[in-house]
Number of protein chains: 2
Amino acid sequence: MRPEDIPEIRALDLFRDMSEENFGDLVRGGYVQTFPPQVQLTTEGDHSDFLHIVLTGSVEMFATWNGRETSMATVRPISTFILAATIKDAPYLMSARTSEKSRIILLPSMDVRAVFENDNGFARAVVSELAQCYRAVVKTSKDLKLRSSIERLANYLLRSRRRAGDAPEFELLLEKRRLASFLGMTPENLSRAFKALRPYGVEVEGATVRITDLDSLERLAKPSPLIDDFST
Amino acid sequence: MRPEDIPEIRALDLFRDMSEENFGDLVRGGYVQTFPPQVQLTTEGDHSDFLHIVLTGSVEMFATWNGRETSMATVRPISTFILAATIKDAPYLMSARTSEKSRIILLPSMDVRAVFENDNGFARAVVSELAQCYRAVVKTSKDLKLRSSIERLANYLLRSRRRAGDAPEFELLLEKRRLASFLGMTPENLSRAFKALRPYGVEVEGATVRITDLDSLERLAKPSPLIDDFST
DNA sequence: CGCTATGTTGATCCATATCAATAAGTGTGG
DNA sequence: CCACACTTATTGATATGGATCAACATAGCG
């Protein structure tokens, strides 16, 4: 692992409260690797060997069943994935692939579990991280069950806008077909949903989205902090 | 709290590893209450005042948006709910109501957080519980996104059968309209889905289900441990 | 450049929702 | 214990959101 990576990792919520010694143990066994796009990092059902941390780039979490595939989430820097599987020493429930060129830290699961047993600060940080993940999935589930596809897209755009610092114009960070899968629809249907949002002030050109009538879009989307807020 | 309740709580995974003293603190401030059916215990958006533990009966977790409502999960004895909100001191993402007459333990959230800070055994148990909850929601999400409504019902029946000790005949533990909502469909559609499963050896009479051709149903349902297993 | 993957658009189909009517439970009070 | 009211479940008819199929356009990329 490059020495310049270490402070960045140390600054993560997950590792901030652990002892210097335990952090050293954890990092010593780990390594950083750069992957090209479209590399599959984990396969659902496999046993958890490493805790992954995305340093740069982005990673798509997806799941399959009976020949079908669906996009479950996108992991962006700097955060971990498959923490739950690592801690429980259980098989992955999701697969992961790089969406773009990405630098990823790999920490051996055994080491993570060992430090988890010894370091109370780390154990508490894991709780916080897992609670966050849990709440994120619950929100996604509510989004899926309570909203139509157009409402989901409208709220997704409002969230994207917020993530871009409330800019009226921003880039979609996902390929449209992945976005469609994430929102639980087909690419064709997403295309039509974008068109259906035009009367509400949504202009799309390639990956660029401009929201010209925020009020109108919000009246349609009815965003809720209990579904659409990032942190709470 | 009745003295005879205490050992039962102490035996829960969540409380087994904590110090006697901290357990005492936690239990002292809590109390047990019996609620009639259809009592709403928490409301989404409210602040977390108590960690709830279901001793008997059952509790439905549900969520609402824009006048719509959906059933998210059913909590059965003996387990906790809204642990994530309690630990994070965040608003509830789901509401809870008793489905039947239920005995519930209420532990003040403040006490739970205080003990969480002090007791390392408890902190680790919370991790394990949260990881479990997280993985359960991920499975439910996969079920929803990757399967049609008939496939979801078929797999739900196979899980119910398993929970009933692989009995060929068992009772639905949910009202059909709640089951429909949990599976993400309308009651009418659930009715039709049951009829559609008749050729696969599913006989329904009231709340009683008999599975007469397991192989056939499994060929249709294609259950997967990564979606349908309870614990892993 | 030209190939291949992605995105769009149109036509059609299908799963599921909605609406409406009836039946069957379930609980309540007389 | 029965009659009534009310909720839940079923069934049929119809509507519709979203999927699928097909053709074409477009944009990355080697």
# chains A, B, ... in the order shown; residues from 1 in each chain; ligands from 1
>>> residues_around(residues="region 2-17 of chain C", least_positions_apart="4", cutoff="10 Å", atoms="only C-alpha atoms (C1' of nucleotides)", output="MDAnalysis selection string")
(chainID A and resid 175:177 187:188 191:192 206) or (chainID B and resid 148:149 185:186 188:189) or (chainID D and resid 15:30)
>>> residues_around(residues="Ala131 (chain B)", least_positions_apart="4", cutoff="10 Å", atoms="only C-alpha atoms (C1' of nucleotides)", output="PDB file with all heavy atoms, in the first residue's frame")
ATOM      1  N   LEU A  83     -19.446  -4.805   3.980  1.00  0.00           N
ATOM      2  CA  LEU A  83     -19.043  -4.860   5.384  1.00  0.00           C
ATOM      3  C   LEU A  83     -19.829  -5.912   6.153  1.00  0.00           C
ATOM      4  O   LEU A  83     -19.268  -6.664   6.959  1.00  0.00           O
ATOM      5  CB  LEU A  83     -19.240  -3.471   6.010  1.00  0.00           C
ATOM      6  CG  LEU A  83     -18.902  -3.312   7.482  1.00  0.00           C
ATOM      7  CD1 LEU A  83     -17.451  -3.661   7.753  1.00  0.00           C
ATOM      8  CD2 LEU A  83     -19.206  -1.893   7.949  1.00  0.00           C
ATOM      9  N   ALA A  84     -21.130  -5.984   5.886  1.00  0.00           N
ATOM     10  CA  ALA A  84     -21.974  -6.928   6.624  1.00  0.00           C
ATOM     11  C   ALA A  84     -21.509  -8.372   6.401  1.00  0.00           C
ATOM     12  O   ALA A  84     -21.377  -9.146   7.349  1.00  0.00           O
ATOM     13  CB  ALA A  84     -23.439  -6.776   6.219  1.00  0.00           C
ATOM     14  N   ALA A  85     -21.239  -8.716   5.157  1.00  0.00           N
ATOM     15  CA  ALA A  85     -20.790 -10.081   4.859  1.00  0.00           C
ATOM     16  C   ALA A  85     -19.447 -10.359   5.533  1.00  0.00           C
ATOM     17  O   ALA A  85     -19.205 -11.458   6.044  1.00  0.00           O
ATOM     18  CB  ALA A  85     -20.682 -10.287   3.346  1.00  0.00           C
ATOM     19  N   THR A  86     -18.571  -9.363   5.525  1.00  0.00           N
ATOM     20  CA  THR A  86     -17.257  -9.531   6.130  1.00  0.00           C
ATOM     21  C   THR A  86     -17.361  -9.793   7.636  1.00  0.00           C
ATOM     22  O   THR A  86     -16.756 -10.731   8.153  1.00  0.00           O
ATOM     23  CB  THR A  86     -16.403  -8.262   5.902  1.00  0.00           C
ATOM     24  OG1 THR A  86     -16.203  -8.089   4.501  1.00  0.00           O
ATOM     25  CG2 THR A  86     -15.062  -8.366   6.606  1.00  0.00           C
ATOM     26  N   ILE A  87     -18.159  -8.975   8.294  1.00  0.00           N
ATOM     27  CA  ILE A  87     -18.287  -9.117   9.750  1.00  0.00           C
ATOM     28  C   ILE A  87     -18.974 -10.426  10.127  1.00  0.00           C
ATOM     29  O   ILE A  87     -18.571 -11.114  11.056  1.00  0.00           O
ATOM     30  CB  ILE A  87     -19.090  -7.923  10.325  1.00  0.00           C
ATOM     31  CG1 ILE A  87     -18.283  -6.634  10.187  1.00  0.00           C
ATOM     32  CG2 ILE A  87     -19.461  -8.163  11.772  1.00  0.00           C
ATOM     33  CD1 ILE A  87     -17.102  -6.527  11.115  1.00  0.00           C
ATOM     34  N   LYS A  88     -20.025 -10.767   9.386  1.00  0.00           N
ATOM     35  CA  LYS A  88     -20.764 -11.992   9.711  1.00  0.00           C
ATOM     36  C   LYS A  88     -20.071 -13.235   9.169  1.00  0.00           C
ATOM     37  O   LYS A  88     -20.518 -14.345   9.421  1.00  0.00           O
ATOM     38  CB  LYS A  88     -22.185 -11.916   9.145  1.00  0.00           C
ATOM     39  CG  LYS A  88     -23.077 -10.883   9.817  1.00  0.00           C
ATOM     40  CD  LYS A  88     -24.406 -11.461  10.220  1.00  0.00           C
ATOM     41  CE  LYS A  88     -24.356 -12.049  11.620  1.00  0.00           C
ATOM     42  NZ  LYS A  88     -25.647 -12.406  12.181  1.00  0.00           N
ATOM     43  N   VAL A 126     -18.303   0.374  13.206  1.00  0.00           N
ATOM     44  CA  VAL A 126     -18.971  -0.587  12.330  1.00  0.00           C
ATOM     45  C   VAL A 126     -20.479  -0.508  12.538  1.00  0.00           C
ATOM     46  O   VAL A 126     -21.255  -0.559  11.576  1.00  0.00           O
ATOM     47  CB  VAL A 126     -18.459  -2.020  12.601  1.00  0.00           C
ATOM     48  CG1 VAL A 126     -19.323  -3.039  11.882  1.00  0.00           C
ATOM     49  CG2 VAL A 126     -17.011  -2.156  12.157  1.00  0.00           C
ATOM     50  N   VAL A 127     -20.903  -0.371  13.773  1.00  0.00           N
ATOM     51  CA  VAL A 127     -22.332  -0.232  14.047  1.00  0.00           C
ATOM     52  C   VAL A 127     -22.902   0.950  13.289  1.00  0.00           C
ATOM     53  O   VAL A 127     -23.931   0.853  12.619  1.00  0.00           O
ATOM     54  CB  VAL A 127     -22.592  -0.026  15.563  1.00  0.00           C
ATOM     55  CG1 VAL A 127     -24.011   0.463  15.797  1.00  0.00           C
ATOM     56  CG2 VAL A 127     -22.346  -1.319  16.315  1.00  0.00           C
ATOM     57  N   LEU A 130     -23.058   0.219   9.578  1.00  0.00           N
ATOM     58  CA  LEU A 130     -24.090  -0.753   9.220  1.00  0.00           C
ATOM     59  C   LEU A 130     -25.486  -0.168   9.359  1.00  0.00           C
ATOM     60  O   LEU A 130     -26.363  -0.422   8.526  1.00  0.00           O
ATOM     61  CB  LEU A 130     -23.969  -1.998  10.102  1.00  0.00           C
ATOM     62  CG  LEU A 130     -22.893  -2.993   9.709  1.00  0.00           C
ATOM     63  CD1 LEU A 130     -22.887  -4.156  10.675  1.00  0.00           C
ATOM     64  CD2 LEU A 130     -23.134  -3.487   8.288  1.00  0.00           C
ATOM     65  N   ALA A 131     -25.686   0.612  10.419  1.00  0.00           N
ATOM     66  CA  ALA A 131     -26.999   1.235  10.611  1.00  0.00           C
ATOM     67  C   ALA A 131     -27.313   2.136   9.420  1.00  0.00           C
ATOM     68  O   ALA A 131     -28.433   2.151   8.906  1.00  0.00           O
ATOM     69  CB  ALA A 131     -27.028   2.023  11.915  1.00  0.00           C
ATOM     70  N   CYS A 133     -26.108   1.822   6.332  1.00  0.00           N
ATOM     71  CA  CYS A 133     -26.400   0.962   5.183  1.00  0.00           C
ATOM     72  C   CYS A 133     -27.810   0.405   5.278  1.00  0.00           C
ATOM     73  O   CYS A 133     -28.562   0.388   4.296  1.00  0.00           O
ATOM     74  CB  CYS A 133     -25.414  -0.207   5.122  1.00  0.00           C
ATOM     75  SG  CYS A 133     -23.730   0.260   4.733  1.00  0.00           S
ATOM     76  N   TYR A 134     -28.171  -0.046   6.451  1.00  0.00           N
ATOM     77  CA  TYR A 134     -29.498  -0.613   6.660  1.00  0.00           C
ATOM     78  C   TYR A 134     -30.571   0.405   6.297  1.00  0.00           C
ATOM     79  O   TYR A 134     -31.489   0.127   5.533  1.00  0.00           O
ATOM     80  CB  TYR A 134     -29.650  -1.049   8.115  1.00  0.00           C
ATOM     81  CG  TYR A 134     -31.046  -1.421   8.494  1.00  0.00           C
ATOM     82  CD1 TYR A 134     -31.631  -2.594   8.020  1.00  0.00           C
ATOM     83  CD2 TYR A 134     -31.805  -0.606   9.324  1.00  0.00           C
ATOM     84  CE1 TYR A 134     -32.930  -2.937   8.369  1.00  0.00           C
ATOM     85  CE2 TYR A 134     -33.096  -0.932   9.672  1.00  0.00           C
ATOM     86  CZ  TYR A 134     -33.657  -2.099   9.199  1.00  0.00           C
ATOM     87  OH  TYR A 134     -34.943  -2.425   9.535  1.00  0.00           O
TER      88      TYR A 134
ATOM     89  N   ALA B 125     -22.790  -7.194  19.831  1.00  0.00           N
ATOM     90  CA  ALA B 125     -24.064  -7.862  19.571  1.00  0.00           C
ATOM     91  C   ALA B 125     -24.943  -7.001  18.666  1.00  0.00           C
ATOM     92  O   ALA B 125     -25.660  -7.516  17.801  1.00  0.00           O
ATOM     93  CB  ALA B 125     -24.780  -8.166  20.887  1.00  0.00           C
ATOM     94  N   VAL B 126     -24.857  -5.689  18.852  1.00  0.00           N
ATOM     95  CA  VAL B 126     -25.626  -4.781  18.009  1.00  0.00           C
ATOM     96  C   VAL B 126     -25.154  -4.895  16.558  1.00  0.00           C
ATOM     97  O   VAL B 126     -25.958  -4.901  15.626  1.00  0.00           O
ATOM     98  CB  VAL B 126     -25.506  -3.321  18.508  1.00  0.00           C
ATOM     99  CG1 VAL B 126     -26.088  -2.352  17.493  1.00  0.00           C
ATOM    100  CG2 VAL B 126     -26.211  -3.150  19.840  1.00  0.00           C
ATOM    101  N   VAL B 127     -23.854  -4.995  16.381  1.00  0.00           N
ATOM    102  CA  VAL B 127     -23.313  -5.176  15.030  1.00  0.00           C
ATOM    103  C   VAL B 127     -23.926  -6.401  14.377  1.00  0.00           C
ATOM    104  O   VAL B 127     -24.397  -6.364  13.234  1.00  0.00           O
ATOM    105  CB  VAL B 127     -21.783  -5.333  15.057  1.00  0.00           C
ATOM    106  CG1 VAL B 127     -21.281  -5.851  13.718  1.00  0.00           C
ATOM    107  CG2 VAL B 127     -21.125  -4.000  15.379  1.00  0.00           C
ATOM    108  N   ARG B 135     -28.917  -7.520   5.862  1.00  0.00           N
ATOM    109  CA  ARG B 135     -28.963  -8.593   4.876  1.00  0.00           C
ATOM    110  C   ARG B 135     -30.393  -9.025   4.591  1.00  0.00           C
ATOM    111  O   ARG B 135     -30.735  -9.354   3.450  1.00  0.00           O
ATOM    112  CB  ARG B 135     -28.083  -9.762   5.332  1.00  0.00           C
ATOM    113  CG  ARG B 135     -26.584  -9.411   5.223  1.00  0.00           C
ATOM    114  CD  ARG B 135     -25.676 -10.436   5.883  1.00  0.00           C
ATOM    115  NE  ARG B 135     -25.699 -11.752   5.272  1.00  0.00           N
ATOM    116  CZ  ARG B 135     -24.930 -12.127   4.245  1.00  0.00           C
ATOM    117  NH1 ARG B 135     -24.076 -11.275   3.724  1.00  0.00           N
ATOM    118  NH2 ARG B 135     -25.014 -13.346   3.771  1.00  0.00           N
ATOM    119  N   ALA B 136     -31.243  -8.978   5.596  1.00  0.00           N
ATOM    120  CA  ALA B 136     -32.650  -9.337   5.373  1.00  0.00           C
ATOM    121  C   ALA B 136     -33.306  -8.362   4.400  1.00  0.00           C
ATOM    122  O   ALA B 136     -34.028  -8.777   3.481  1.00  0.00           O
ATOM    123  CB  ALA B 136     -33.401  -9.354   6.702  1.00  0.00           C
TER     124      ALA B 136
END
>>> closest_residue(among="B:Val209, B:Ala196, B:Leu190, B:Ala11", to="chain D", atoms="only C-alpha atoms (C1' of nucleotides)")
B:Leu190
>>> atom_distance(atom1="CA of Gly57 (chain B)", atom2="CA of Glu171 (chain B)")
15.4 Å
>>> atom_distance(atom1="CA of Glu44 (chain A)", atom2="CA of Lys101 (chain A)")
21.5 Å
>>> interface_residues(of="chain D", to="chain B", cutoff="12 Å", atoms="only C-alpha atoms (C1' of nucleotides)", output="PyMOL selection string")
chain D and resi 7-12
>>> write_last_selection(atoms="all heavy atoms", output="CSV table (one decimal), in the first residue's frame")
chain,number,residue,atom,x,y,z
D,7,DT,P,-65.4,-1.3,8.6
D,7,DT,OP1,-64.9,-0.3,9.5
D,7,DT,OP2,-66.0,-1.0,7.3
D,7,DT,O5',-64.2,-2.3,8.3
D,7,DT,C5',-63.8,-3.2,9.4
D,7,DT,C4',-63.4,-4.6,8.8
D,7,DT,O4',-64.6,-5.2,8.2
D,7,DT,C3',-62.4,-4.5,7.6
D,7,DT,O3',-61.2,-5.2,8.1
D,7,DT,C2',-63.1,-5.2,6.5
D,7,DT,C1',-64.2,-6.0,7.1
D,7,DT,N1,-65.4,-6.3,6.3
D,7,DT,C2,-65.6,-7.6,6.0
D,7,DT,O2,-64.9,-8.5,6.3
D,7,DT,N3,-66.8,-7.7,5.2
D,7,DT,C4,-67.7,-6.8,4.8
D,7,DT,O4,-68.7,-7.1,4.2
D,7,DT,C5,-67.3,-5.4,5.2
D,7,DT,C7,-68.3,-4.3,4.8
D,7,DT,C6,-66.2,-5.2,5.9
D,8,DT,P,-60.0,-5.3,7.1
D,8,DT,OP1,-58.8,-5.5,8.0
D,8,DT,OP2,-60.0,-4.2,6.2
D,8,DT,O5',-60.2,-6.7,6.3
D,8,DT,C5',-60.3,-7.9,7.1
D,8,DT,C4',-60.6,-9.0,6.1
D,8,DT,O4',-61.9,-8.8,5.5
D,8,DT,C3',-59.6,-9.1,4.9
D,8,DT,O3',-59.1,-10.5,4.9
D,8,DT,C2',-60.5,-8.8,3.7
D,8,DT,C1',-61.8,-9.2,4.2
D,8,DT,N1,-63.0,-8.5,3.5
D,8,DT,C2,-64.0,-9.3,2.9
D,8,DT,O2,-63.9,-10.5,2.9
D,8,DT,N3,-65.0,-8.6,2.4
D,8,DT,C4,-65.2,-7.2,2.3
D,8,DT,O4,-66.1,-6.7,1.8
D,8,DT,C5,-64.1,-6.5,2.9
D,8,DT,C7,-64.2,-5.0,3.0
D,8,DT,C6,-63.1,-7.1,3.5
D,9,DA,P,-58.1,-10.9,3.8
D,9,DA,OP1,-57.2,-12.0,4.4
D,9,DA,OP2,-57.5,-9.8,3.2
D,9,DA,O5',-59.0,-11.7,2.8
D,9,DA,C5',-59.7,-12.9,3.2
D,9,DA,C4',-60.5,-13.4,2.0
D,9,DA,O4',-61.5,-12.5,1.6
D,9,DA,C3',-59.6,-13.6,0.7
D,9,DA,O3',-59.9,-14.9,0.3
D,9,DA,C2',-60.2,-12.6,-0.3
D,9,DA,C1',-61.6,-12.3,0.2
D,9,DA,N9,-62.2,-11.0,0.0
D,9,DA,C8,-61.6,-9.8,0.4
D,9,DA,N7,-62.4,-8.8,0.0
D,9,DA,C5,-63.5,-9.3,-0.6
D,9,DA,C6,-64.6,-8.8,-1.2
D,9,DA,N6,-64.9,-7.5,-1.2
D,9,DA,N1,-65.5,-9.7,-1.7
D,9,DA,C2,-65.3,-11.0,-1.6
D,9,DA,N3,-64.2,-11.6,-1.1
D,9,DA,C4,-63.4,-10.7,-0.6
D,10,DT,P,-59.1,-15.5,-1.0
D,10,DT,OP1,-58.9,-17.0,-0.8
D,10,DT,OP2,-58.0,-14.7,-1.3
D,10,DT,O5',-60.2,-15.4,-2.1
D,10,DT,C5',-61.4,-16.1,-2.0
D,10,DT,C4',-62.4,-15.6,-3.1
D,10,DT,O4',-62.6,-14.2,-3.0
D,10,DT,C3',-61.9,-15.8,-4.5
D,10,DT,O3',-62.7,-16.8,-5.1
D,10,DT,C2',-62.0,-14.4,-5.2
D,10,DT,C1',-62.9,-13.7,-4.2
D,10,DT,N1,-62.8,-12.2,-4.2
D,10,DT,C2,-63.9,-11.5,-4.6
D,10,DT,O2,-64.9,-11.9,-5.0
D,10,DT,N3,-63.7,-10.1,-4.4
D,10,DT,C4,-62.5,-9.5,-3.9
D,10,DT,O4,-62.5,-8.2,-3.9
D,10,DT,C5,-61.5,-10.3,-3.5
D,10,DT,C7,-60.2,-9.7,-2.9
D,10,DT,C6,-61.6,-11.7,-3.6
D,11,DT,P,-62.3,-17.5,-6.5
D,11,DT,OP1,-63.0,-18.9,-6.4
D,11,DT,OP2,-60.9,-17.4,-6.6
D,11,DT,O5',-63.1,-16.7,-7.6
D,11,DT,C5',-64.5,-16.4,-7.5
D,11,DT,C4',-64.9,-15.4,-8.5
D,11,DT,O4',-64.5,-14.1,-7.9
D,11,DT,C3',-64.2,-15.4,-9.8
D,11,DT,O3',-65.2,-15.7,-10.8
D,11,DT,C2',-63.6,-14.0,-10.0
D,11,DT,C1',-64.3,-13.2,-9.0
D,11,DT,N1,-63.6,-12.0,-8.5
D,11,DT,C2,-64.2,-10.8,-8.4
D,11,DT,O2,-65.4,-10.6,-8.9
D,11,DT,N3,-63.5,-9.8,-7.9
D,11,DT,C4,-62.2,-9.9,-7.4
D,11,DT,O4,-61.6,-8.9,-7.0
D,11,DT,C5,-61.6,-11.2,-7.5
D,11,DT,C7,-60.2,-11.4,-6.9
D,11,DT,C6,-62.3,-12.2,-8.0
D,12,DG,P,-64.8,-16.0,-12.3
D,12,DG,OP1,-65.7,-17.0,-12.9
D,12,DG,OP2,-63.4,-16.2,-12.5
D,12,DG,O5',-65.2,-14.6,-12.9
D,12,DG,C5',-66.5,-14.1,-12.8
D,12,DG,C4',-66.6,-12.7,-13.4
D,12,DG,O4',-65.9,-11.7,-12.5
D,12,DG,C3',-66.0,-12.5,-14.8
D,12,DG,O3',-66.9,-11.9,-15.6
D,12,DG,C2',-64.8,-11.6,-14.5
D,12,DG,C1',-65.2,-10.8,-13.3
D,12,DG,N9,-64.2,-10.3,-12.5
D,12,DG,C8,-63.1,-10.9,-11.9
D,12,DG,N7,-62.3,-10.2,-11.2
D,12,DG,C5,-62.9,-8.9,-11.3
D,12,DG,C6,-62.5,-7.7,-10.8
D,12,DG,O6,-61.5,-7.4,-10.1
D,12,DG,N1,-63.4,-6.6,-11.1
D,12,DG,C2,-64.5,-6.8,-11.9
D,12,DG,N2,-65.2,-5.7,-12.1
D,12,DG,N3,-64.9,-7.9,-12.4
D,12,DG,C4,-64.0,-8.9,-12.1
>>> interface_residues(of="chain B", to="chain A", cutoff="9 Å", atoms="only C-alpha atoms", output="MDAnalysis selection string")
chainID B and resid 44:45 63:66 68:70 72 83:85 87:88 90:94 116:117 120 123:124 126:128 130:135 137:147 184 222 224:227 232
>>> select_by_dssp(residues="region 107-188 of chain B", states="alpha helix (DSSP H)", output="PyMOL selection string")
chain B and resi 109-118+120-146+149-163+176-182+187-188
>>> closest_residue(among="A:Leu217, A:Val54, A:Ala180, A:Ile78", to="chain C", atoms="only C-alpha atoms (C1' of nucleotides)")
A:Ala180
>>> atom_distance(atom1="CA of Arg16 (chain A)", atom2="CA of Phe122 (chain A)")
8.1 Å
>>> select_by_dssp(residues="region 183-223 of chain A", states="strand (DSSP E)", output="number ranges by chain")
A: 202-205, 208-211
>>> residues_around(residues="DC4 (chain D)", least_positions_apart="3", cutoff="12 Å", atoms="only C-alpha atoms (C1' of nucleotides)", output="count of residues only")
5
